[in-house]
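Chemist: This structure is in structure tokens; I'll ask about it shortly.
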Amino acid sequence: MSSAVYVRAEVRRTLRNRRFLVFSLGFPLVLFLIVAGANRDVRDFAGTGISFVLYYMVGMVSWGSMAAVIAGGARIAAERQIGWTRQLRLTPLSARAYFATKVAGGYVLALGSIAVLYIAGAAYGVRLPAESWIRMTLLLLVGLVPFAVLGILFGHLLSTESMGPALGGVTALFALLGGSWGPIAGSSDLLGQLAQLLPSYWLTQAAHSAFTGEAWPLKAWVVILVWTVVLARLARGAYLRDTGR
């Protein structure tokens, strides 16, 4: 099986999986519509000078896209259980192409989540310059890389039974500490300083760039790079151990 064929098959399979589509696209969208709809008249949320709808939209974008790419690990766990991963190892498909394909599948869901939340936000009155939409989207795509690798790691470590609680708990913890669900402690506080060492914090800041007009500082790029490298090494080790078995 060639890499191109596997990528196309993975993307089609991702789009046909209704359960993942509902979880990754539907749940963040429904939550946004309910909460933002009830507060759409709030024009200055928590003294930030921006509307509640805008603030909540970018928070849901960061959380929904993060959940989408991590959820790719559940597909890997399911493939391991039915023996599909073992069959793939008998093909010329390289480990690098395998990982790249899984990341691509997660990004398809993430882009879908981002798109539907952008549309919902615009329907509720969010208006931003084109450069703000572009900057936010590009930073989000970069910030999602370590979470895509985390999904691969989980897929090779966990069973299908334990995947659901693990994904839900880890995603919720990252979202809470990263500020996706609301403001966290100030940068001078201990909690704020610790949060800045998490990739979810900078993923949220990528979404916040829509209304702050600021791109990431150097620290953000370092944090994303370090988490990606460490998680990639762990994922590779888990894949090789799984291959050995």
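We name chains A, B, ... following the order of the structure tokens; residues begin at 1 in each chain, and ligands are numbered from 1 as shown.
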Excluding same-chain residues fewer than 5 positions from segment 72-81 of chain A, what lies within 8 Å of it counting only C-alpha atoms, as a list in words?

Modeler: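 The neighbour list is Arg86, Lys102, Val103, Gly105, Gly106, Ala148, Leu150, Gly151, Ile152, Leu153, Phe154, Gly155, His156, Leu158, Ser159, Thr160, Met163 and Gly164 of chain A.
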
Chemist: Identify, on the basis of only C-alpha atoms, every residue whose closest approach to segment 222-227 of chain A does not exceed 10 Å; exclude the query and any residue fewer than 3 positions from it along the same chain; express the result as a VMD selection string.

Modeler: chain A and resid 142 to 147 149 to 150 196 to 203 217 to 219 230 to 232

Chemist: What would the file look like if the residues just selected were written as a CSV table (one decimal), in the first residue's frame with C-alpha atoms?

Modeler:
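Final output, selection.csv:
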```
chain,number,residue,atom,x,y,z
A,142,VAL,CA,0.9,24.8,14.5
A,143,GLY,CA,-0.3,24.6,18.1
A,144,LEU,CA,-2.2,21.4,17.3
A,145,VAL,CA,0.9,19.4,16.4
A,146,PRO,CA,1.8,18.1,19.9
A,147,PHE,CA,-1.8,17.1,20.5
A,149,VAL,CA,1.3,13.3,18.4
A,150,LEU,CA,-0.3,12.8,21.8
A,196,GLN,CA,2.5,28.8,30.1
A,197,LEU,CA,4.5,25.6,30.0
A,198,LEU,CA,1.6,23.7,28.5
A,199,PRO,CA,0.9,23.6,24.8
A,200,SER,CA,-2.8,24.1,25.4
A,201,TYR,CA,-2.1,27.6,26.9
A,202,TRP,CA,-0.5,28.7,23.6
A,203,LEU,CA,-3.2,27.0,21.6
A,217,PRO,CA,6.3,35.1,21.5
A,218,LEU,CA,9.5,33.0,21.3
A,219,LYS,CA,8.5,31.1,24.4
A,230,VAL,CA,9.2,14.6,23.6
A,231,LEU,CA,5.8,13.2,22.7
A,232,ALA,CA,7.1,12.1,19.3
```

Chemist: If DSSP is run on the backbone, what residues of segment 178-229 of chain A are alpha helix (DSSP H)? A reply as a ChimeraX atom specification would be ideal.

Modeler: /A:178,190-195,199-212,218-229

Chemist: Could you save those same residues with C-alpha atoms as a PDB file, in the first residue's frame?

Modeler:
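Result file is result-v5.pdb:
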```
ATOM      1  CA  GLY A 178      -4.902  26.334  29.081  1.00  0.00           C
ATOM      2  CA  LEU A 190       2.313  30.586  39.968  1.00  0.00           C
ATOM      3  CA  LEU A 191      -0.635  28.949  38.193  1.00  0.00           C
ATOM      4  CA  GLY A 192      -0.264  31.322  35.278  1.00  0.00           C
ATOM      5  CA  GLN A 193       3.451  30.616  34.986  1.00  0.00           C
ATOM      6  CA  LEU A 194       2.877  26.866  35.066  1.00  0.00           C
ATOM      7  CA  ALA A 195       0.100  27.159  32.481  1.00  0.00           C
ATOM      8  CA  PRO A 199       0.880  23.589  24.764  1.00  0.00           C
ATOM      9  CA  SER A 200      -2.839  24.102  25.444  1.00  0.00           C
ATOM     10  CA  TYR A 201      -2.110  27.561  26.867  1.00  0.00           C
ATOM     11  CA  TRP A 202      -0.464  28.676  23.641  1.00  0.00           C
ATOM     12  CA  LEU A 203      -3.156  26.992  21.580  1.00  0.00           C
ATOM     13  CA  THR A 204      -5.663  29.188  23.397  1.00  0.00           C
ATOM     14  CA  GLN A 205      -3.422  32.212  22.891  1.00  0.00           C
ATOM     15  CA  ALA A 206      -3.355  31.384  19.186  1.00  0.00           C
ATOM     16  CA  ALA A 207      -7.134  31.714  19.173  1.00  0.00           C
ATOM     17  CA  HIS A 208      -6.951  34.862  21.297  1.00  0.00           C
ATOM     18  CA  SER A 209      -4.696  36.435  18.676  1.00  0.00           C
ATOM     19  CA  ALA A 210      -7.917  37.101  16.768  1.00  0.00           C
ATOM     20  CA  PHE A 211      -8.747  39.967  19.104  1.00  0.00           C
ATOM     21  CA  THR A 212      -5.373  40.769  20.709  1.00  0.00           C
ATOM     22  CA  LEU A 218       9.474  32.976  21.280  1.00  0.00           C
ATOM     23  CA  LYS A 219       8.489  31.103  24.448  1.00  0.00           C
ATOM     24  CA  ALA A 220       5.393  29.720  22.742  1.00  0.00           C
ATOM     25  CA  TRP A 221       7.376  28.254  19.860  1.00  0.00           C
ATOM     26  CA  VAL A 222       9.834  26.663  22.287  1.00  0.00           C
ATOM     27  CA  VAL A 223       7.050  25.095  24.354  1.00  0.00           C
ATOM     28  CA  ILE A 224       5.302  23.691  21.271  1.00  0.00           C
ATOM     29  CA  LEU A 225       8.588  22.337  19.890  1.00  0.00           C
ATOM     30  CA  VAL A 226       9.679  20.690  23.151  1.00  0.00           C
ATOM     31  CA  TRP A 227       6.310  19.009  23.727  1.00  0.00           C
ATOM     32  CA  THR A 228       6.228  17.814  20.114  1.00  0.00           C
ATOM     33  CA  VAL A 229       9.727  16.307  20.252  1.00  0.00           C
TER      34      VAL A 229
END
```

Chemist: Would you list the contacts of segment 116-122 of chain A as a ChimeraX atom specification, taking every protein, DNA or RNA residue within 8 Å and counting only C-alpha atoms, but skipping same-chain residues closer than 3 positions in sequence?

Modeler: /A:25,28-29,32-33,53-54,57,60-61,112-113,125-127

Chemist: Can you measure atom CA of Phe174 of chain A to atom CA of Trp63 of chain A for me? One decimal in Å is fine.

Modeler: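 Computing it gives 8.6 Å between the two atoms.
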
Chemist: So which one's closest to Met136 of chain A, A:Tyr98, A:Tyr124, A:Trp216, A:Tyr107? Using only C-alpha atoms, please.

Modeler: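 The shortest atom-to-atom distance to Met136 of chain A comes from A:Trp216.
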
Chemist: Distance atom CA of Gly37 of chain A-atom CA of Val58 of chain A, one decimal place?

Modeler: 14.7 Å

Chemist: Name the residues in contact with Tyr56 of chain A at a cut-off of 10 Å, using only C-alpha atoms, excluding same-chain residues fewer than 6 positions from it; report them as a ChimeraX atom specification.

Modeler: /A:31-33,35-36,39,45,121,180-182

Chemist: Restricting the calculation to only C-alpha atoms: of A:Val108, A:Ile114, A:Phe99, A:Leu176, which residue gets closest to Ala235 of chain A?

Modeler: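 Closest to Ala235 of chain A, using only C-alpha atoms: A:Phe99.
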